[in-house]
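What follows is the content of input_31.csv (CSV, C-alpha atoms).
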```csv
chain,number,residue,atom,x,y,z
E,1,MET,CA,0.0,0.0,0.0
E,2,THR,CA,2.8,2.4,0.8
E,3,ALA,CA,4.5,1.7,-2.5
E,4,VAL,CA,1.3,2.5,-4.3
E,5,VAL,CA,0.9,5.8,-2.5
E,6,VAL,CA,4.5,6.7,-3.3
E,7,ARG,CA,4.0,6.0,-7.0
E,8,ARG,CA,0.8,8.0,-7.1
E,9,GLY,CA,2.5,10.9,-5.4
E,10,ARG,CA,5.4,10.8,-7.7
E,11,SER,CA,3.1,10.6,-10.7
E,12,GLY,CA,1.2,13.6,-9.5
E,13,SER,CA,4.4,15.6,-8.9
E,14,VAL,CA,5.7,14.7,-12.4
E,15,ALA,CA,2.4,15.8,-14.0
E,16,TRP,CA,2.6,19.1,-12.1
E,17,LEU,CA,6.1,19.7,-13.2
E,18,VAL,CA,5.2,18.8,-16.8
E,19,GLY,CA,2.4,21.3,-16.7
E,20,LEU,CA,4.7,24.0,-15.4
E,21,GLY,CA,7.3,23.1,-18.0
E,22,ILE,CA,4.7,23.3,-20.8
E,23,VAL,CA,3.6,26.8,-19.7
E,24,LEU,CA,7.1,28.1,-19.5
E,25,ALA,CA,8.1,26.5,-22.8
E,26,ALA,CA,5.0,27.8,-24.6
E,27,LEU,CA,6.0,31.4,-23.5
E,28,ASN,CA,9.1,31.0,-25.6
E,29,LEU,CA,7.9,29.4,-28.8
E,30,ARG,CA,7.4,32.7,-30.7
E,31,THR,CA,9.9,35.0,-29.0
E,32,ALA,CA,12.5,34.4,-31.8
E,33,VAL,CA,9.9,35.5,-34.3
E,34,THR,CA,8.1,38.5,-32.8
E,35,SER,CA,11.0,40.1,-31.0
E,36,VAL,CA,12.8,40.9,-34.3
E,37,GLY,CA,10.0,42.8,-36.1
E,38,PRO,CA,9.9,45.8,-33.9
E,39,VAL,CA,13.7,46.5,-34.3
E,40,LEU,CA,14.2,45.1,-37.8
E,41,ASP,CA,15.2,48.4,-39.2
E,42,GLN,CA,17.9,48.9,-36.6
E,43,VAL,CA,19.1,45.3,-36.9
E,44,SER,CA,19.3,45.6,-40.7
E,45,ALA,CA,21.2,49.0,-40.5
E,46,GLY,CA,23.5,47.8,-37.7
E,47,LEU,CA,24.5,44.6,-39.6
E,48,GLY,CA,24.4,46.1,-43.0
E,49,MET,CA,21.8,43.6,-44.2
E,50,SER,CA,20.8,43.6,-47.8
E,51,GLY,CA,17.1,43.6,-48.8
E,52,VAL,CA,17.5,40.0,-49.7
E,53,ALA,CA,18.9,39.1,-46.3
E,54,SER,CA,16.1,41.0,-44.6
E,55,GLY,CA,13.5,39.2,-46.7
E,56,LEU,CA,15.1,35.9,-45.9
E,57,LEU,CA,15.0,36.7,-42.1
E,58,THR,CA,11.2,37.3,-42.3
E,59,THR,CA,10.8,34.0,-44.2
E,60,LEU,CA,12.9,31.9,-42.0
E,61,PRO,CA,10.2,31.1,-39.4
E,62,VAL,CA,7.9,29.3,-41.7
E,63,LEU,CA,10.8,27.4,-43.4
E,64,CYS,CA,12.3,26.3,-40.0
E,65,PHE,CA,8.9,25.4,-38.6
E,66,ALA,CA,8.2,23.2,-41.6
E,67,LEU,CA,11.7,21.6,-41.8
E,68,PHE,CA,12.5,20.9,-38.1
E,69,GLY,CA,8.8,20.2,-37.3
E,70,ALA,CA,8.9,17.3,-39.8
E,71,MET,CA,12.0,15.9,-38.1
E,72,THR,CA,10.7,16.0,-34.6
E,73,PRO,CA,8.8,12.6,-34.3
E,74,ALA,CA,12.0,10.7,-35.4
E,75,LEU,CA,14.2,12.7,-33.1
E,76,SER,CA,11.7,12.2,-30.2
E,77,HIS,CA,11.6,8.5,-30.7
E,78,ARG,CA,15.4,8.4,-30.7
E,79,VAL,CA,16.2,10.6,-27.6
E,80,GLY,CA,12.9,10.9,-25.8
E,81,GLU,CA,10.3,13.7,-25.5
E,82,HIS,CA,11.5,15.3,-22.3
E,83,ARG,CA,15.2,15.3,-23.4
E,84,LEU,CA,14.3,16.6,-26.8
E,85,LEU,CA,12.2,19.5,-25.5
E,86,LEU,CA,15.1,20.4,-23.1
E,87,THR,CA,17.4,20.3,-26.1
E,88,ALA,CA,15.0,22.5,-28.0
E,89,LEU,CA,14.9,25.1,-25.3
E,90,VAL,CA,18.7,25.1,-25.1
E,91,LEU,CA,18.9,25.6,-28.9
E,92,LEU,CA,16.3,28.4,-28.6
E,93,GLY,CA,18.2,30.2,-25.8
E,94,ALA,CA,21.6,29.7,-27.4
E,95,GLY,CA,20.4,31.0,-30.8
E,96,LEU,CA,18.8,34.0,-29.2
E,97,LEU,CA,21.9,34.8,-27.2
E,98,LEU,CA,24.3,34.3,-30.1
E,99,ARG,CA,22.4,36.5,-32.5
E,100,SER,CA,22.2,39.3,-30.0
E,101,ALA,CA,26.0,39.4,-29.7
E,102,VAL,CA,27.1,39.2,-33.4
E,103,GLN,CA,28.1,41.9,-35.9
E,104,SER,CA,27.6,39.8,-39.0
E,105,SER,CA,24.4,39.4,-40.9
E,106,GLY,CA,25.3,35.9,-42.0
E,107,VAL,CA,25.9,34.8,-38.4
E,108,PHE,CA,22.8,36.5,-37.3
E,109,LEU,CA,20.8,34.5,-39.9
E,110,ALA,CA,22.5,31.3,-38.8
E,111,ALA,CA,21.8,32.0,-35.1
E,112,SER,CA,18.2,32.7,-36.0
E,113,VAL,CA,17.9,29.3,-37.6
E,114,VAL,CA,19.3,27.7,-34.4
E,115,ALA,CA,16.7,29.6,-32.3
E,116,LEU,CA,13.8,28.9,-34.6
E,117,SER,CA,14.7,25.2,-34.7
E,118,GLY,CA,14.1,25.0,-31.0
E,119,GLY,CA,10.7,26.8,-31.4
E,120,ALA,CA,9.8,24.4,-34.3
E,121,ILE,CA,10.5,21.3,-32.2
E,122,GLY,CA,8.5,22.7,-29.3
E,123,ASN,CA,5.6,23.4,-31.6
E,124,VAL,CA,5.3,19.7,-32.4
E,125,LEU,CA,6.3,18.2,-29.0
E,126,ILE,CA,4.0,20.1,-26.7
E,127,PRO,CA,0.7,18.7,-28.2
E,128,THR,CA,2.3,15.2,-27.8
E,129,LEU,CA,3.2,15.8,-24.2
E,130,ILE,CA,-0.3,17.1,-23.5
E,131,LYS,CA,-1.8,13.9,-25.0
E,132,ARG,CA,0.6,11.7,-23.1
E,133,HIS,CA,0.5,13.3,-19.6
E,134,PHE,CA,-3.0,14.7,-19.6
E,135,PRO,CA,-5.2,12.5,-21.8
E,136,ALA,CA,-8.4,13.2,-19.8
E,137,ARG,CA,-7.7,17.0,-19.6
E,138,ALA,CA,-6.3,17.6,-23.1
E,139,GLY,CA,-8.8,20.5,-23.8
E,140,MET,CA,-7.9,22.3,-20.6
E,141,MET,CA,-4.1,21.8,-21.1
E,142,THR,CA,-4.4,22.9,-24.7
E,143,THR,CA,-6.1,26.1,-23.4
E,144,VAL,CA,-3.2,26.6,-21.0
E,145,TYR,CA,-0.6,26.0,-23.8
E,146,SER,CA,-2.2,28.2,-26.4
E,147,THR,CA,-2.8,31.0,-23.9
E,148,ALA,CA,0.8,30.9,-22.7
E,149,MET,CA,2.0,31.0,-26.3
E,150,ALA,CA,-0.3,34.0,-27.1
E,151,VAL,CA,1.1,35.8,-24.0
E,152,GLY,CA,4.7,35.1,-25.0
E,153,THR,CA,4.0,36.2,-28.6
E,154,MET,CA,2.5,39.5,-27.5
E,155,LEU,CA,5.1,40.1,-24.8
E,156,ALA,CA,8.0,39.8,-27.2
E,157,ALA,CA,6.3,42.1,-29.7
E,158,ALA,CA,5.3,44.7,-27.2
E,159,ALA,CA,8.3,44.8,-24.8
E,160,THR,CA,11.3,44.6,-27.2
E,161,VAL,CA,11.2,48.3,-28.1
E,162,PRO,CA,10.8,49.5,-24.5
E,163,ILE,CA,13.7,47.3,-23.5
E,164,GLN,CA,15.8,48.8,-26.3
E,165,ARG,CA,15.0,52.3,-25.2
E,166,ALA,CA,15.9,51.4,-21.6
E,167,ALA,CA,19.2,50.1,-22.8
E,168,GLY,CA,20.0,53.3,-24.6
E,169,GLY,CA,18.9,52.2,-28.0
E,170,ASN,CA,20.9,49.0,-28.0
E,171,TRP,CA,19.1,46.4,-30.0
E,172,HIS,CA,21.6,43.7,-29.0
E,173,VAL,CA,20.3,43.9,-25.4
E,174,ALA,CA,16.7,44.1,-26.5
E,175,LEU,CA,17.0,40.8,-28.4
E,176,GLY,CA,19.3,39.1,-26.0
E,177,VAL,CA,17.1,39.4,-23.0
E,178,TRP,CA,14.7,36.8,-24.4
E,179,ALA,CA,17.5,34.2,-24.0
E,180,ALA,CA,17.1,34.5,-20.2
E,181,LEU,CA,13.4,33.5,-20.5
E,182,ALA,CA,14.4,30.4,-22.4
E,183,ALA,CA,17.0,29.5,-19.7
E,184,VAL,CA,14.3,29.8,-17.0
E,185,SER,CA,11.9,27.6,-19.1
E,186,ALA,CA,14.5,24.8,-19.3
E,187,ILE,CA,14.7,24.3,-15.5
E,188,PRO,CA,11.6,22.0,-15.1
E,189,TRP,CA,12.8,19.9,-18.0
E,190,LEU,CA,16.2,19.4,-16.4
E,191,ALA,CA,14.3,17.8,-13.5
E,192,LEU,CA,12.2,15.7,-15.9
E,193,VAL,CA,14.9,14.1,-18.0
E,194,ARG,CA,15.0,11.1,-15.6
E,195,SER,CA,11.2,10.5,-15.9
E,196,GLU,CA,11.3,9.9,-19.7
E,197,PRO,CA,8.1,8.1,-20.8
E,198,GLU,CA,8.3,4.8,-22.8
E,199,ARG,CA,8.4,5.2,-26.5
E,200,HIS,CA,6.5,3.1,-29.0
E,201,ARG,CA,6.0,3.2,-32.7
E,202,VAL,CA,2.4,3.2,-33.9
E,203,ARG,CA,1.7,1.7,-37.3
E,204,GLY,CA,0.2,4.1,-39.9
E,205,THR,CA,1.8,7.2,-38.4
E,206,GLY,CA,4.9,7.6,-40.6
E,207,LEU,CA,5.0,10.8,-42.7
E,208,GLY,CA,4.7,8.7,-45.9
E,209,GLU,CA,1.6,7.0,-44.5
E,210,LEU,CA,0.0,10.2,-43.3
E,211,ALA,CA,0.5,11.7,-46.7
E,212,ARG,CA,-2.1,9.2,-47.9
E,213,SER,CA,-4.6,10.2,-45.2
E,214,ARG,CA,-7.4,12.6,-46.0
E,215,LEU,CA,-7.7,13.6,-42.4
E,216,ALA,CA,-4.0,14.4,-42.1
E,217,TRP,CA,-4.2,16.6,-45.2
E,218,ALA,CA,-7.4,18.3,-44.0
E,219,ILE,CA,-5.7,19.2,-40.7
E,220,ALA,CA,-2.6,20.4,-42.6
E,221,ALA,CA,-4.8,22.5,-44.9
E,222,TYR,CA,-6.8,24.0,-42.0
E,223,PHE,CA,-3.6,24.7,-40.0
E,224,GLY,CA,-1.9,26.2,-43.1
E,225,THR,CA,-4.8,28.4,-44.2
E,226,GLN,CA,-5.2,29.9,-40.7
E,227,SER,CA,-1.5,30.5,-40.4
E,228,LEU,CA,-1.4,32.1,-43.8
E,229,ILE,CA,-4.1,34.6,-42.8
E,230,ALA,CA,-2.3,35.3,-39.5
E,231,TYR,CA,1.0,36.0,-41.3
E,232,VAL,CA,-0.8,38.3,-43.8
E,233,MET,CA,-2.5,40.2,-41.0
E,234,PHE,CA,0.6,40.6,-38.9
E,235,GLY,CA,2.6,41.7,-41.9
E,236,TRP,CA,0.1,43.8,-43.9
E,237,LEU,CA,-2.5,45.2,-41.5
E,238,PRO,CA,-0.4,48.3,-40.7
E,239,GLN,CA,0.0,49.1,-44.4
E,240,LEU,CA,-3.8,48.7,-44.9
E,241,LEU,CA,-4.5,51.0,-42.0
E,242,GLN,CA,-2.0,53.7,-43.1
E,243,ASP,CA,-3.4,53.5,-46.7
E,244,ASN,CA,-6.8,54.5,-45.2
E,245,GLY,CA,-5.5,57.5,-43.3
E,246,TYR,CA,-4.3,56.0,-40.0
E,247,THR,CA,-1.0,57.2,-38.5
E,248,SER,CA,1.8,54.7,-37.9
E,249,GLY,CA,1.1,55.1,-34.2
E,250,GLN,CA,-2.6,54.3,-34.6
E,251,ALA,CA,-1.8,51.4,-36.8
E,252,GLY,CA,0.6,50.0,-34.2
E,253,THR,CA,-2.0,50.3,-31.5
E,254,ILE,CA,-4.6,48.5,-33.5
E,255,LEU,CA,-2.1,45.8,-34.4
E,256,ALA,CA,-1.4,45.4,-30.6
E,257,VAL,CA,-5.1,45.1,-29.8
E,258,PHE,CA,-5.4,42.5,-32.7
E,259,THR,CA,-2.5,40.5,-31.3
E,260,GLY,CA,-3.8,40.8,-27.7
E,261,LEU,CA,-7.2,39.3,-28.7
E,262,GLY,CA,-5.4,36.0,-29.1
E,263,ILE,CA,-5.1,35.7,-25.3
E,264,PRO,CA,-8.8,35.6,-24.3
E,265,ILE,CA,-9.7,33.6,-27.4
E,266,SER,CA,-7.0,31.0,-26.6
E,267,MET,CA,-8.4,30.7,-23.1
E,268,LEU,CA,-11.8,29.8,-24.4
E,269,VAL,CA,-11.6,27.8,-27.7
E,270,PRO,CA,-9.6,24.6,-26.9
E,271,ALA,CA,-11.7,23.8,-23.8
E,272,LEU,CA,-14.9,24.5,-25.7
E,273,ALA,CA,-13.7,22.3,-28.6
E,274,ALA,CA,-12.8,19.4,-26.3
E,275,ARG,CA,-16.4,19.4,-25.0
E,276,MET,CA,-17.7,19.0,-28.5
E,277,ALA,CA,-17.6,15.7,-30.3
E,278,ASP,CA,-17.8,17.6,-33.6
E,279,GLN,CA,-16.0,20.9,-34.0
E,280,ARG,CA,-17.5,21.9,-37.4
E,281,LEU,CA,-19.8,24.5,-35.8
E,282,LEU,CA,-16.7,26.4,-34.6
E,283,VAL,CA,-15.0,26.0,-38.0
E,284,ILE,CA,-18.0,27.7,-39.7
E,285,GLY,CA,-18.2,30.4,-37.0
E,286,PHE,CA,-14.6,31.4,-37.3
E,287,GLY,CA,-14.8,31.3,-41.1
E,288,ALA,CA,-17.9,33.6,-41.0
E,289,ALA,CA,-16.0,36.0,-38.8
E,290,TYR,CA,-13.2,36.2,-41.3
E,291,VAL,CA,-15.6,36.8,-44.2
E,292,ILE,CA,-17.4,39.6,-42.3
E,293,GLY,CA,-14.2,41.2,-41.1
E,294,PHE,CA,-12.5,41.1,-44.5
E,295,ALA,CA,-15.6,42.6,-46.2
E,296,GLY,CA,-15.6,45.3,-43.6
E,297,LEU,CA,-11.9,46.1,-44.0
E,298,LEU,CA,-12.5,46.4,-47.8
E,299,THR,CA,-15.0,49.3,-47.1
E,300,GLY,CA,-12.2,51.4,-45.7
E,301,HIS,CA,-14.5,52.6,-42.8
E,302,ALA,CA,-14.3,51.8,-39.0
E,303,LEU,CA,-11.3,49.6,-39.7
E,304,TRP,CA,-10.5,49.1,-36.0
E,305,ALA,CA,-13.9,47.5,-35.5
E,306,TRP,CA,-13.5,45.1,-38.5
E,307,THR,CA,-10.0,44.2,-37.3
E,308,ILE,CA,-11.5,43.0,-34.0
E,309,VAL,CA,-14.0,40.8,-36.0
E,310,VAL,CA,-11.0,39.3,-37.9
E,311,GLY,CA,-9.3,38.8,-34.6
E,312,ILE,CA,-12.3,36.7,-33.5
E,313,GLY,CA,-11.8,34.6,-36.6
E,314,MET,CA,-8.3,34.0,-35.5
E,315,GLY,CA,-9.8,31.6,-33.0
E,316,SER,CA,-9.1,29.1,-35.8
E,317,PHE,CA,-5.5,28.9,-34.5
E,318,PRO,CA,-6.2,27.5,-31.0
E,319,LEU,CA,-8.9,25.3,-32.7
E,320,ALA,CA,-6.3,23.9,-35.0
E,321,LEU,CA,-4.0,23.2,-32.1
E,322,ALA,CA,-6.9,21.4,-30.3
E,323,MET,CA,-7.6,19.3,-33.3
E,324,LEU,CA,-4.1,17.8,-33.2
E,325,ALA,CA,-4.9,16.1,-29.9
E,326,LEU,CA,-8.6,15.5,-30.6
E,327,ARG,CA,-8.0,13.7,-33.9
E,328,ALA,CA,-5.7,11.0,-32.5
E,329,ARG,CA,-6.0,8.4,-29.7
E,330,THR,CA,-2.3,8.1,-28.7
E,331,ALA,CA,0.6,10.4,-27.9
E,332,GLU,CA,2.6,8.8,-30.8
E,333,ALA,CA,-0.1,9.4,-33.3
E,334,THR,CA,-0.6,13.0,-32.0
E,335,ALA,CA,3.2,13.6,-32.5
E,336,ALA,CA,3.0,12.3,-36.1
E,337,LEU,CA,-0.1,14.3,-36.9
E,338,SER,CA,1.3,17.4,-35.2
E,339,ALA,CA,4.5,17.1,-37.3
E,340,PHE,CA,2.7,16.5,-40.6
E,341,GLY,CA,0.0,19.1,-40.0
E,342,GLN,CA,2.3,21.9,-38.9
E,343,SER,CA,5.1,21.2,-41.4
E,344,ALA,CA,2.8,21.1,-44.4
E,345,GLY,CA,0.7,23.9,-42.9
E,346,TYR,CA,3.6,26.3,-42.5
E,347,LEU,CA,4.8,25.6,-46.1
E,348,ILE,CA,1.3,26.7,-47.2
E,349,ALA,CA,1.4,29.7,-44.9
E,350,GLY,CA,4.7,30.9,-46.2
E,351,ALA,CA,3.3,31.8,-49.6
E,352,GLY,CA,0.7,34.1,-48.2
E,353,PRO,CA,2.5,37.4,-47.3
E,354,LEU,CA,4.5,37.2,-50.5
E,355,ALA,CA,1.4,36.6,-52.7
E,356,VAL,CA,-0.4,39.5,-51.0
E,357,GLY,CA,2.5,41.7,-51.5
E,358,VAL,CA,2.7,40.9,-55.2
E,359,LEU,CA,-1.1,41.4,-55.7
E,360,TYR,CA,-0.9,44.7,-53.8
E,361,GLU,CA,2.0,45.9,-55.9
E,362,VAL,CA,0.5,44.8,-59.2
E,363,SER,CA,-3.1,46.2,-58.6
E,364,GLY,CA,-2.1,49.2,-56.5
E,365,GLY,CA,-5.0,48.5,-54.1
E,366,TRP,CA,-6.5,45.9,-51.7
E,367,THR,CA,-9.3,44.3,-53.8
E,368,MET,CA,-7.1,41.6,-55.3
E,369,PRO,CA,-5.3,40.8,-52.0
E,370,PHE,CA,-8.7,40.4,-50.3
E,371,ALA,CA,-10.0,38.3,-53.2
E,372,LEU,CA,-7.1,35.9,-52.4
E,373,LEU,CA,-8.0,35.9,-48.7
E,374,PHE,CA,-11.7,35.2,-49.4
E,375,ALA,CA,-10.5,32.1,-51.4
E,376,VAL,CA,-8.2,31.1,-48.6
E,377,VAL,CA,-11.2,31.3,-46.1
E,378,ALA,CA,-13.3,29.1,-48.5
E,379,ALA,CA,-10.5,26.5,-48.6
E,380,GLN,CA,-10.2,26.7,-44.8
E,381,MET,CA,-13.9,26.0,-44.3
E,382,VAL,CA,-13.8,23.0,-46.7
E,383,ALA,CA,-10.8,21.5,-44.9
E,384,GLY,CA,-12.2,22.3,-41.5
E,385,TRP,CA,-15.5,20.7,-42.3
E,386,TYR,CA,-13.7,17.4,-42.8
E,387,ALA,CA,-11.1,17.9,-40.0
E,388,GLY,CA,-13.7,19.0,-37.5
E,389,ALA,CA,-15.8,15.8,-37.8
E,390,GLN,CA,-15.6,13.1,-35.2
E,391,ARG,CA,-12.9,10.8,-36.4
E,392,VAL,CA,-9.3,9.9,-35.5
E,393,ILE,CA,-6.2,9.3,-37.6
E,394,GLU,CA,-5.6,5.7,-36.5
E,395,ASP,CA,-8.9,4.7,-38.1
E,396,GLU,CA,-7.6,5.8,-41.5
```
Could the structure of this file be written out as structure tokens, please?
Amino acid sequence: MTAVVVRRGRSGSVAWLVGLGIVLAALNLRTAVTSVGPVLDQVSAGLGMSGVASGLLTTLPVLCFALFGAMTPALSHRVGEHRLLLTALVLLGAGLLLRSAVQSSGVFLAASVVALSGGAIGNVLIPTLIKRHFPARAGMMTTVYSTAMAVGTMLAAAATVPIQRAAGGNWHVALGVWAALAAVSAIPWLALVRSEPERHRVRGTGLGELARSRLAWAIAAYFGTQSLIAYVMFGWLPQLLQDNGYTSGQAGTILAVFTGLGIPISMLVPALAARMADQRLLVIGFGAAYVIGFAGLLTGHALWAWTIVVGIGMGSFPLALAMLALRARTAEATAALSAFGQSAGYLIAGAGPLAVGVLYEVSGGWTMPFALLFAVVAAQMVAGWYAGAQRVIEDE
């Protein structure tokens, strides 16, 4: 009886530590991305970056998320989930620290790849850890995870410039401080490396096998289309606002509100999705919000209000994260589906900002870019209708 009590107590302490580790890790997953944008001009000038190098820097996140995300299940099976997430956080912190200290654009880009590889691995691993350690509370833990990621995303975007000002205009300090957050987030995983869960291969969950699954492609398409819209909004919303008479300061404020909406939405959507056997009603609701919001933005009036409506549609992101756990029975299948869905999805998303930029340049206005976004929303709703139905990847 005593041994049973000890095992249960240890299991509870491990679960608590994993939960803490997930929250801290999630805070870091986007800091390498959103900390650069606010000081990109200073970084480019300080390092003598060419336009091509600056463009590559903004494209690196989707490329790294796709490449390293696809590699994560194989790496996880080889070294273990806890060890791999610890390694990912070390890579993230080391990359952030290195790129804050260099004076070469080439080294800065290479260090960014190192940092982004850690974020990419964490993207795939955390849904797997939630499925393994909290199978009965996957919805609640996905809520915690997505909310922490939204907080970290907004914090890095909002605090980098004030940190730079406090450091006398030094962008090296403003970027390097985020390495300290990564170091703190690694502490729980240092304690967890000895409690590595057993690893098993599940038939039918190789990337080649998933490539023949309609459900896997539906989730990849849903994840990709919502990410495409997000990258377009983050990259082009300020330009749209300024074209319609808003100042750069007003545009920045509206973008901050748009980004901040992700926090309350992330607190609600995953838990709600987990209570529903079928998530297609949410898919249609978020798709409708996109359509209404984009149509409103096209009018050129009350753009702040229509931006909020689009922000509600961005609930498709935490819904996509929730689907990774809901559409699989086991942690191993969740890992494979997460890797496939996110890797293929980010490749889809990477084309969005570039395509919008080309259409904006060619047409000289926003009608053609929004026509593309309406088509993307239509594709998202079709993919989400299949992905949101009650089925699991193992049955395919």
Inset, instruction - Could you tell me which of E:Gly95, E:Gly293, E:Gly388, E:Gly21 comes closest to E:Ala180 if we count only C-alpha atoms? - result: E:Gly95
Inset, instruction - Would you work out the distance separating atom CA of E:Leu91 from atom CA of E:Trp178, expressed in Å to one decimal? - result: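 Atom CA of E:Leu91 sits 12.8 Å away from atom CA of E:Trp178.
Comparing the minimum interatomic distances between E:Leu63 and each of E:Ile348, E:Ala273, E:Leu29, E:Ala230, counting all atoms listed in the file, we find that E:Ile348 sits nearest.
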Inset, instruction - Could you check how far atom CA of E:Ala333 sits from atom CA of E:Pro73, in Å to one decimal? - result: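 Going from atom CA of E:Ala333 over to atom CA of E:Pro73 covers 9.5 Å.
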Inset, instruction - Determine the nearest neighbour of E:Asp278 from the options E:Trp306, E:Met314, E:Ala389, E:Phe223, counting all atoms listed in the file. - result: E:Ala389
Inset, instruction - Give me, please, the distance in Å between atom CA of E:Ile163 and atom CA of E:Ile22, quoted to one decimal. - result: 25.8 Å
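Using all atoms listed in the file, the smallest distance between any of E:Ala186, E:Ala66, E:Val310, E:Val392 and E:Ala216 comes from E:Val392.
Each of E:Leu215, E:Ala157, E:Leu89, E:Ala379 was compared to E:Ala120 using only C-alpha atoms, and E:Leu89 turns out to be the nearest.
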Inset, instruction - Could you give me, as a list in words, the residues within 12 Å of E:Val161, counting all atoms listed in the file and dropping anything in the same chain fewer than 4 positions from it? - result: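 What passes the distance filter is Thr34, Ser35, Val36, Gly37, Pro38, Val39, Leu40, Asp41, Gln42, Leu155, Ala156, Ala157, Arg165, Ala166, Ala167, Gly168, Gly169, Asn170, Trp171, His172, Val173, Ala174, Leu175 and Val177 of chain E.
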Legend entry - Among the residues E:Gln103, E:Leu282, E:Ala335, E:Leu210, the one that comes closest to E:Leu75 [using all atoms listed in the file]: E:Ala335
Inset, instruction - Do a neighbour search on E:Gln250 at 12 Å with only C-alpha atoms, toss out local chain neighbours closer than 6 positions, and write the hits as a count of residues only. - result: 11
Legend entry - Neighbour list for E:Val309 as a PyMOL selection string, cut-off 8 Å, all atoms listed in the file, skip fewer than 4 positions in-chain: chain E and resi 289-290+292-293+305+313
Inset, instruction - Could you give me, as a PyMOL selection string, the residues within 9 Å of E:Pro353, counting only C-alpha atoms and dropping anything in the same chain fewer than 3 positions from it? - result: chain E and resi 228-229+231-233+235-236+349-350+356-358
Legend entry - Residue neighbourhood E:Val382, 10 Å, all atoms listed in the file, exclusion window fewer than 6 positions, as an MDAnalysis selection string: chainID E and resid 218 221:222 283:284
Inset, instruction - Could you pull out every residue with an atom within 9 Å of (19.1, 31.6, -27.6), file coordinates, counting only C-alpha atoms, and send them as a list in words? - result: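 Output of the proximity query reads Ala32, Leu89, Val90, Leu91, Leu92, Gly93, Ala94, Gly95, Leu96, Leu97, Leu98, Arg99, Ser100, Ala111, Ser112, Val114, Ala115, Gly118, Gly176, Trp178, Ala179, Ala180, Ala182 and Ala183 of chain E.
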Answer as a PDB file with C-alpha atoms, keeping the file's coordinate frame, residues within 9 Å of (0.6, 18.1, -36.5) using all atoms listed in the file:
```
ATOM      1  CA  GLY E  69       8.800  20.200 -37.300  1.00  0.00           C
ATOM      2  CA  ALA E  70       8.900  17.300 -39.800  1.00  0.00           C
ATOM      3  CA  ASN E 123       5.600  23.400 -31.600  1.00  0.00           C
ATOM      4  CA  VAL E 124       5.300  19.700 -32.400  1.00  0.00           C
ATOM      5  CA  PRO E 127       0.700  18.700 -28.200  1.00  0.00           C
ATOM      6  CA  ALA E 216      -4.000  14.400 -42.100  1.00  0.00           C
ATOM      7  CA  ILE E 219      -5.700  19.200 -40.700  1.00  0.00           C
ATOM      8  CA  ALA E 220      -2.600  20.400 -42.600  1.00  0.00           C
ATOM      9  CA  PHE E 223      -3.600  24.700 -40.000  1.00  0.00           C
ATOM     10  CA  LEU E 321      -4.000  23.200 -32.100  1.00  0.00           C
ATOM     11  CA  MET E 323      -7.600  19.300 -33.300  1.00  0.00           C
ATOM     12  CA  LEU E 324      -4.100  17.800 -33.200  1.00  0.00           C
ATOM     13  CA  ALA E 325      -4.900  16.100 -29.900  1.00  0.00           C
ATOM     14  CA  THR E 334      -0.600  13.000 -32.000  1.00  0.00           C
ATOM     15  CA  ALA E 335       3.200  13.600 -32.500  1.00  0.00           C
ATOM     16  CA  ALA E 336       3.000  12.300 -36.100  1.00  0.00           C
ATOM     17  CA  LEU E 337      -0.100  14.300 -36.900  1.00  0.00           C
ATOM     18  CA  SER E 338       1.300  17.400 -35.200  1.00  0.00           C
ATOM     19  CA  ALA E 339       4.500  17.100 -37.300  1.00  0.00           C
ATOM     20  CA  PHE E 340       2.700  16.500 -40.600  1.00  0.00           C
ATOM     21  CA  GLY E 341       0.000  19.100 -40.000  1.00  0.00           C
ATOM     22  CA  GLN E 342       2.300  21.900 -38.900  1.00  0.00           C
ATOM     23  CA  SER E 343       5.100  21.200 -41.400  1.00  0.00           C
ATOM     24  CA  ALA E 344       2.800  21.100 -44.400  1.00  0.00           C
ATOM     25  CA  GLY E 345       0.700  23.900 -42.900  1.00  0.00           C
TER      26      GLY E 345
END
```
